[in-house]
Amino acid sequence: MLSILFPSLLNGVATGAIYALIALGLTLIYGVLHIVNFAHGAALMVALYGVYFLFTAWHVDPYLALPIMIVAMFCFGYGLQRFVIGRASHGKDEYILLVTLGIAIILENLALALFRSDTHSIDTAYTLATVDVFGALIALPKLIAFFGALAVSSALLLLIGRTQLGRAIRAVAREKQGARVVGIDVEHIYAMSFGIGMACLGAAACFLLPAYYVNPLVGNGFVLIAFTIVVLGGMGSFAGALIGGLIVGVVESLGGLWLGESLGQIGIFVIFIAVLLFRPQGLFGQKGA
Amino acid sequence: MTEPLLAIAGLRGGYGAVEVLRGVDLRVDAGEIVALLGSNGAGKSTLINMVCGLIAKSAGQVSFAGRDISRARSAGIVAAGLIQVPEGRRIFPNLTVRENLELGAYLRGRAQQAQNLDRVMSIFPRLSERTRQLAGTLSGGEQQMLALGRALMSEPRLLILDEPSLGLSPLLVEEMFAMIGELHRQGLSILLVEQNVPLSLDIAQRAYVLENGEIRFTGLPAELLASPELKRAYLGI
């Protein structure tokens, strides 16, 4: 029993780290702009195509594409918030919601029109490589994804916790008027937060693609899980997204082990409903925050 | 005559179709402390927020230190040294005391930030004991000190205080006014927006009374206090 439990656990933790990275971007955008970004899944799909084409067209290794994708997705997110979402929403939260939903629909259909609904994956030298971790065999891309996602997440937490930009982001998240009074350009901080959230997706795509695939609707599965993680961990909580992501990854993996792949996600939603029932503010959320 | 530090001329504007300010003229000279009085809903906070670029104006001119800031964005106005301590303090409850103060100097350089921090800590020793505490857990009086300290971090040339005594105990109100007077004596220009008339007139050199979006009185505090009609009509005392 233990011989399959441990590898399954490892796999779950590795997947969970990627989930956490995706959820971190979502929770950052929620925490600062107070909106649920419906375009998150579509943006992840865009990032995955970015990694895919960098590899197939220019032979850029997915891991070397990391800085390119982080910068590209950041710029994409910054521009999207500053010139599309911000302009179109006139400061009303319900409009922002609809605008992000509209963006998701446009991106997905653009992808369908341009790339068809075919599923693509990439074949690198290490796609099928495995590593022995204390007797358990784990796919090398998954191991890299785990450490990579943790590294990017740590960098994000440092950015938010220790830098002037991070202070400004946290200030805007809770006290917009106070932020304007000290001379913070709130629109700029909104766009920076959105850009950073998208940059997380750029990083996640680089770690994901070597062991995964891309098609125009690939983001939907991830975004549902990411939403679950954000609610599970506490809306807007970074620690919650990180821990929640790992929990969800492990639960999904163990659920798959015992219930089969197709039912594996049941466990996630059972936990999700239990959290909503008994701790509605989430594991790390603050009441009334 | 020297050029005023802040000059407001014919300022009009409001929210949607409701006009709150109907042509306001006001001036603060360098080194002056001026009180802006008026009852609740007279338009005082609207006036301040319009001057600071937080609300759009429909007409009128605002100039600060010889520069026209009528169309400037709030960040540019802060950079020029026109700083307000907003009503209700508006500190960042989820940040530490130190982070709140550091953000006060958001538009200044790193060296300035450190220098200003030392200065503000020496003015408010009570804040310096609590640098790592979350601002939201401070008492009301401490939060008001933090709001004032944060504004001083921005290197104000003119400090606008919007209801600094609001929600403070009488003892703390006295302390707050003593501190405002001290800042003025050290050379800071101050526009004090208040409902506490006696204490404001005590430290102000000139006063304005705003009523229904118009300036109804401007002059020396002694003149205001000497006229029973004015006092009754606008100040409720």
# chains A, B, ... in the order shown; residues from 1 in each chain; ligands from 1
call {"tool": "residues_around", "arguments": {"residues": "Glu87 of chain B", "least_positions_apart": "5", "cutoff": "8 Å", "atoms": "only C-alpha atoms", "output": "PDB file with C-alpha atoms, in the first residue's frame"}}
result
ATOM      1  CA  SER B  45     -14.336  67.837   2.722  1.00  0.00           C
ATOM      2  CA  LEU B 161      -5.998  68.687   8.279  1.00  0.00           C
ATOM      3  CA  ASP B 162      -9.562  67.470   7.790  1.00  0.00           C
ATOM      4  CA  GLU B 163     -11.306  67.108  11.140  1.00  0.00           C
ATOM      5  CA  PRO B 164      -8.268  65.957  13.118  1.00  0.00           C
ATOM      6  CA  LEU B 166     -13.021  63.766  15.133  1.00  0.00           C
TER       7      LEU B 166
END
call {"tool": "interface_residues", "arguments": {"of": "chain B", "to": "chain A", "cutoff": "8 Å", "atoms": "only C-alpha atoms", "output": "JSON, numbers by chain"}}
result
{"B": [54, 74, 75, 76, 77, 78, 79, 83, 84, 85, 86, 89, 90, 91, 92, 93, 94, 95, 99, 103, 104, 105, 106, 107, 150, 151, 154]}
call {"tool": "select_by_dssp", "arguments": {"residues": "segment 53-206 of chain B", "states": "strand (DSSP E or B)", "output": "list in words"}}
result
Ala59, Gly60, Gln61, Val62, Ser63, Phe64, Arg67, Asp68, Leu82, Ile83, Gln84, Val85, Thr96, Leu134, Leu158, Leu159, Ile160, Leu161, Asp162, Ser189, Ile190, Leu191, Leu192, Val193, Glu194 and Arg206 of chain B
call {"tool": "write_last_selection", "arguments": {"atoms": "N, CA and C atoms", "output": "compact mmCIF listing (two decimals), in the first residue's frame"}}
result
# COMPACT_ATOMS: atom_id res chain seq x y z
N ALA B 59 -15.56 73.90 -12.38
CA ALA B 59 -15.02 75.20 -12.78
C ALA B 59 -14.13 75.72 -11.67
N GLY B 60 -13.27 76.67 -12.02
CA GLY B 60 -12.45 77.32 -11.00
C GLY B 60 -10.98 77.00 -11.15
N GLN B 61 -10.18 77.76 -10.42
CA GLN B 61 -8.73 77.66 -10.52
C GLN B 61 -8.14 77.36 -9.16
N VAL B 62 -7.15 76.49 -9.15
CA VAL B 62 -6.39 76.25 -7.92
C VAL B 62 -4.93 76.41 -8.28
N SER B 63 -4.24 77.26 -7.54
CA SER B 63 -2.80 77.32 -7.77
C SER B 63 -2.08 77.10 -6.46
N PHE B 64 -0.92 76.43 -6.56
CA PHE B 64 -0.16 76.08 -5.36
C PHE B 64 1.30 76.41 -5.62
N ARG B 67 2.06 77.54 -9.03
CA ARG B 67 1.78 76.65 -10.15
C ARG B 67 0.30 76.38 -10.24
N ASP B 68 -0.24 76.35 -11.45
CA ASP B 68 -1.64 76.01 -11.62
C ASP B 68 -1.81 74.50 -11.46
N LEU B 82 1.51 69.51 -1.40
CA LEU B 82 0.20 69.82 -0.82
C LEU B 82 -0.38 68.51 -0.29
N ILE B 83 -0.33 68.36 1.03
CA ILE B 83 -0.63 67.06 1.64
C ILE B 83 -1.83 67.20 2.56
N GLN B 84 -2.74 66.24 2.48
CA GLN B 84 -3.86 66.28 3.42
C GLN B 84 -3.85 65.09 4.37
N VAL B 85 -4.31 65.37 5.59
CA VAL B 85 -4.63 64.29 6.52
C VAL B 85 -6.13 64.14 6.41
N THR B 96 1.93 47.61 8.95
CA THR B 96 2.48 48.01 10.24
C THR B 96 2.61 49.53 10.30
N LEU B 134 0.43 46.28 13.77
CA LEU B 134 -0.48 46.61 12.67
C LEU B 134 -1.26 47.87 13.03
N LEU B 158 2.30 72.61 2.49
CA LEU B 158 1.05 73.01 3.12
C LEU B 158 0.36 71.73 3.58
N LEU B 159 -0.02 71.73 4.86
CA LEU B 159 -0.69 70.57 5.42
C LEU B 159 -2.17 70.90 5.60
N ILE B 160 -3.03 70.08 5.01
CA ILE B 160 -4.47 70.27 5.20
C ILE B 160 -4.95 69.19 6.16
N LEU B 161 -5.51 69.64 7.28
CA LEU B 161 -6.00 68.69 8.28
C LEU B 161 -7.51 68.70 8.24
N ASP B 162 -8.11 67.56 7.88
CA ASP B 162 -9.56 67.47 7.79
C ASP B 162 -10.11 66.80 9.05
N SER B 189 2.98 75.59 7.02
CA SER B 189 1.71 76.24 6.68
C SER B 189 0.60 75.22 6.84
N ILE B 190 -0.50 75.65 7.44
CA ILE B 190 -1.56 74.70 7.77
C ILE B 190 -2.94 75.26 7.41
N LEU B 191 -3.75 74.41 6.77
CA LEU B 191 -5.17 74.72 6.59
C LEU B 191 -5.93 73.72 7.45
N LEU B 192 -6.61 74.26 8.46
CA LEU B 192 -7.26 73.40 9.45
C LEU B 192 -8.77 73.40 9.20
N VAL B 193 -9.31 72.25 8.85
CA VAL B 193 -10.74 72.12 8.61
C VAL B 193 -11.34 71.49 9.85
N GLU B 194 -12.25 72.18 10.51
CA GLU B 194 -12.69 71.68 11.82
C GLU B 194 -14.13 72.02 12.13
N ARG B 206 -6.18 83.26 10.64
CA ARG B 206 -7.34 83.75 9.89
C ARG B 206 -8.35 82.63 9.82
call {"tool": "atom_distance", "arguments": {"atom1": "atom CA of Glu211 of chain B", "atom2": "atom CA of Gly66 of chain B"}}
result
27.7 Å
call {"tool": "atom_distance", "arguments": {"atom1": "atom CA of Met235 of chain A", "atom2": "atom CA of Val223 of chain A"}}
result
14.6 Å
call {"tool": "closest_atom_pairs", "arguments": {"of": "segment 150-184 of chain A", "to": "segment 200-206 of chain A", "cutoff": "10 Å", "atoms": "only C-alpha atoms", "output": "JSON lines"}}
result
{"residue": "A:Val152", "atom": "CA", "partner": "A:Ala203", "partner_atom": "CA", "distance": 7.5}
{"residue": "A:Ser153", "atom": "CA", "partner": "A:Cys200", "partner_atom": "CA", "distance": 8.2}
{"residue": "A:Leu156", "atom": "CA", "partner": "A:Cys200", "partner_atom": "CA", "distance": 8.6}
call {"tool": "decode", "arguments": {"residues": "segment 185-220 of chain B", "atoms": "N, CA and C atoms", "output": "JSON list (two decimals), in the first residue's frame"}}
result
[["chain", "number", "residue", "atom", "x", "y", "z"],
["B", 185, "ARG", "N", 4.35, 76.60, 14.54],
["B", 185, "ARG", "CA", 5.44, 77.42, 15.07],
["B", 185, "ARG", "C", 6.77, 77.04, 14.43],
["B", 186, "GLN", "N", 6.90, 75.75, 14.05],
["B", 186, "GLN", "CA", 8.14, 75.32, 13.40],
["B", 186, "GLN", "C", 8.19, 75.72, 11.93],
["B", 187, "GLY", "N", 7.13, 76.41, 11.46],
["B", 187, "GLY", "CA", 7.21, 76.97, 10.12],
["B", 187, "GLY", "C", 6.31, 76.33, 9.09],
["B", 188, "LEU", "N", 5.51, 75.34, 9.49],
["B", 188, "LEU", "CA", 4.65, 74.65, 8.53],
["B", 188, "LEU", "C", 3.38, 75.47, 8.28],
["B", 189, "SER", "N", 2.98, 75.59, 7.02],
["B", 189, "SER", "CA", 1.71, 76.24, 6.68],
["B", 189, "SER", "C", 0.60, 75.22, 6.84],
["B", 190, "ILE", "N", -0.50, 75.65, 7.44],
["B", 190, "ILE", "CA", -1.56, 74.70, 7.77],
["B", 190, "ILE", "C", -2.94, 75.26, 7.41],
["B", 191, "LEU", "N", -3.75, 74.41, 6.77],
["B", 191, "LEU", "CA", -5.17, 74.72, 6.59],
["B", 191, "LEU", "C", -5.93, 73.72, 7.45],
["B", 192, "LEU", "N", -6.61, 74.26, 8.46],
["B", 192, "LEU", "CA", -7.26, 73.40, 9.45],
["B", 192, "LEU", "C", -8.77, 73.40, 9.20],
["B", 193, "VAL", "N", -9.31, 72.25, 8.85],
["B", 193, "VAL", "CA", -10.74, 72.12, 8.61],
["B", 193, "VAL", "C", -11.34, 71.49, 9.85],
["B", 194, "GLU", "N", -12.25, 72.18, 10.51],
["B", 194, "GLU", "CA", -12.69, 71.68, 11.82],
["B", 194, "GLU", "C", -14.13, 72.02, 12.13],
["B", 195, "GLN", "N", -14.70, 71.21, 13.02],
["B", 195, "GLN", "CA", -15.99, 71.56, 13.60],
["B", 195, "GLN", "C", -15.80, 72.07, 15.01],
["B", 196, "ASN", "N", -14.64, 71.81, 15.58],
["B", 196, "ASN", "CA", -14.35, 72.31, 16.91],
["B", 196, "ASN", "C", -13.92, 73.77, 16.81],
["B", 197, "VAL", "N", -14.92, 74.66, 16.92],
["B", 197, "VAL", "CA", -14.68, 76.07, 16.63],
["B", 197, "VAL", "C", -13.76, 76.76, 17.65],
["B", 198, "PRO", "N", -14.04, 76.61, 18.94],
["B", 198, "PRO", "CA", -13.21, 77.38, 19.90],
["B", 198, "PRO", "C", -11.72, 77.07, 19.78],
["B", 199, "LEU", "N", -11.38, 75.79, 19.75],
["B", 199, "LEU", "CA", -9.96, 75.43, 19.69],
["B", 199, "LEU", "C", -9.33, 75.86, 18.37],
["B", 200, "SER", "N", -10.09, 75.75, 17.27],
["B", 200, "SER", "CA", -9.56, 76.12, 15.96],
["B", 200, "SER", "C", -9.27, 77.61, 15.92],
["B", 201, "LEU", "N", -10.23, 78.41, 16.42],
["B", 201, "LEU", "CA", -10.04, 79.86, 16.37],
["B", 201, "LEU", "C", -8.92, 80.29, 17.32],
["B", 202, "ASP", "N", -8.66, 79.45, 18.30],
["B", 202, "ASP", "CA", -7.60, 79.74, 19.25],
["B", 202, "ASP", "C", -6.23, 79.70, 18.59],
["B", 203, "ILE", "N", -6.01, 78.77, 17.67],
["B", 203, "ILE", "CA", -4.68, 78.66, 17.09],
["B", 203, "ILE", "C", -4.60, 79.25, 15.68],
["B", 204, "ALA", "N", -5.75, 79.56, 15.06],
["B", 204, "ALA", "CA", -5.72, 80.06, 13.68],
["B", 204, "ALA", "C", -5.39, 81.55, 13.63],
["B", 205, "GLN", "N", -4.72, 81.94, 12.52],
["B", 205, "GLN", "CA", -4.43, 83.36, 12.31],
["B", 205, "GLN", "C", -5.56, 84.02, 11.52],
["B", 206, "ARG", "N", -6.18, 83.26, 10.64],
["B", 206, "ARG", "CA", -7.34, 83.75, 9.89],
["B", 206, "ARG", "C", -8.35, 82.63, 9.82],
["B", 207, "ALA", "N", -9.59, 82.97, 9.49],
["B", 207, "ALA", "CA", -10.61, 81.94, 9.41],
["B", 207, "ALA", "C", -11.56, 82.19, 8.25],
["B", 208, "TYR", "N", -12.07, 81.09, 7.71],
["B", 208, "TYR", "CA", -13.14, 81.15, 6.71],
["B", 208, "TYR", "C", -14.32, 80.37, 7.26],
["B", 209, "VAL", "N", -15.53, 80.81, 6.91],
["B", 209, "VAL", "CA", -16.70, 80.01, 7.23],
["B", 209, "VAL", "C", -17.38, 79.61, 5.92],
["B", 210, "LEU", "N", -17.53, 78.32, 5.74],
["B", 210, "LEU", "CA", -18.16, 77.79, 4.54],
["B", 210, "LEU", "C", -19.57, 77.35, 4.89],
["B", 211, "GLU", "N", -20.55, 77.80, 4.10],
["B", 211, "GLU", "CA", -21.93, 77.42, 4.36],
["B", 211, "GLU", "C", -22.62, 77.21, 3.03],
["B", 212, "ASN", "N", -23.28, 76.10, 2.85],
["B", 212, "ASN", "CA", -23.99, 75.81, 1.60],
["B", 212, "ASN", "C", -23.13, 76.01, 0.37],
["B", 213, "GLY", "N", -21.88, 75.64, 0.48],
["B", 213, "GLY", "CA", -21.02, 75.70, -0.69],
["B", 213, "GLY", "C", -20.48, 77.08, -1.03],
["B", 214, "GLU", "N", -20.67, 78.04, -0.13],
["B", 214, "GLU", "CA", -20.12, 79.38, -0.37],
["B", 214, "GLU", "C", -19.40, 79.87, 0.87],
["B", 215, "ILE", "N", -18.39, 80.72, 0.64],
["B", 215, "ILE", "CA", -17.70, 81.32, 1.78],
["B", 215, "ILE", "C", -18.57, 82.47, 2.30],
["B", 216, "ARG", "N", -18.98, 82.39, 3.56],
["B", 216, "ARG", "CA", -19.85, 83.42, 4.13],
["B", 216, "ARG", "C", -19.09, 84.41, 4.99],
["B", 217, "PHE", "N", -17.93, 84.03, 5.44],
["B", 217, "PHE", "CA", -17.14, 84.93, 6.27],
["B", 217, "PHE", "C", -15.68, 84.67, 6.03],
["B", 218, "THR", "N", -14.92, 85.72, 5.99],
["B", 218, "THR", "CA", -13.46, 85.56, 5.99],
["B", 218, "THR", "C", -12.86, 86.71, 6.78],
["B", 219, "GLY", "N", -11.96, 86.39, 7.68],
["B", 219, "GLY", "CA", -11.36, 87.44, 8.49],
["B", 219, "GLY", "C", -10.61, 86.88, 9.67],
["B", 220, "LEU", "N", -10.38, 87.74, 10.65],
["B", 220, "LEU", "CA", -9.62, 87.32, 11.83],
["B", 220, "LEU", "C", -10.54, 86.57, 12.79]]
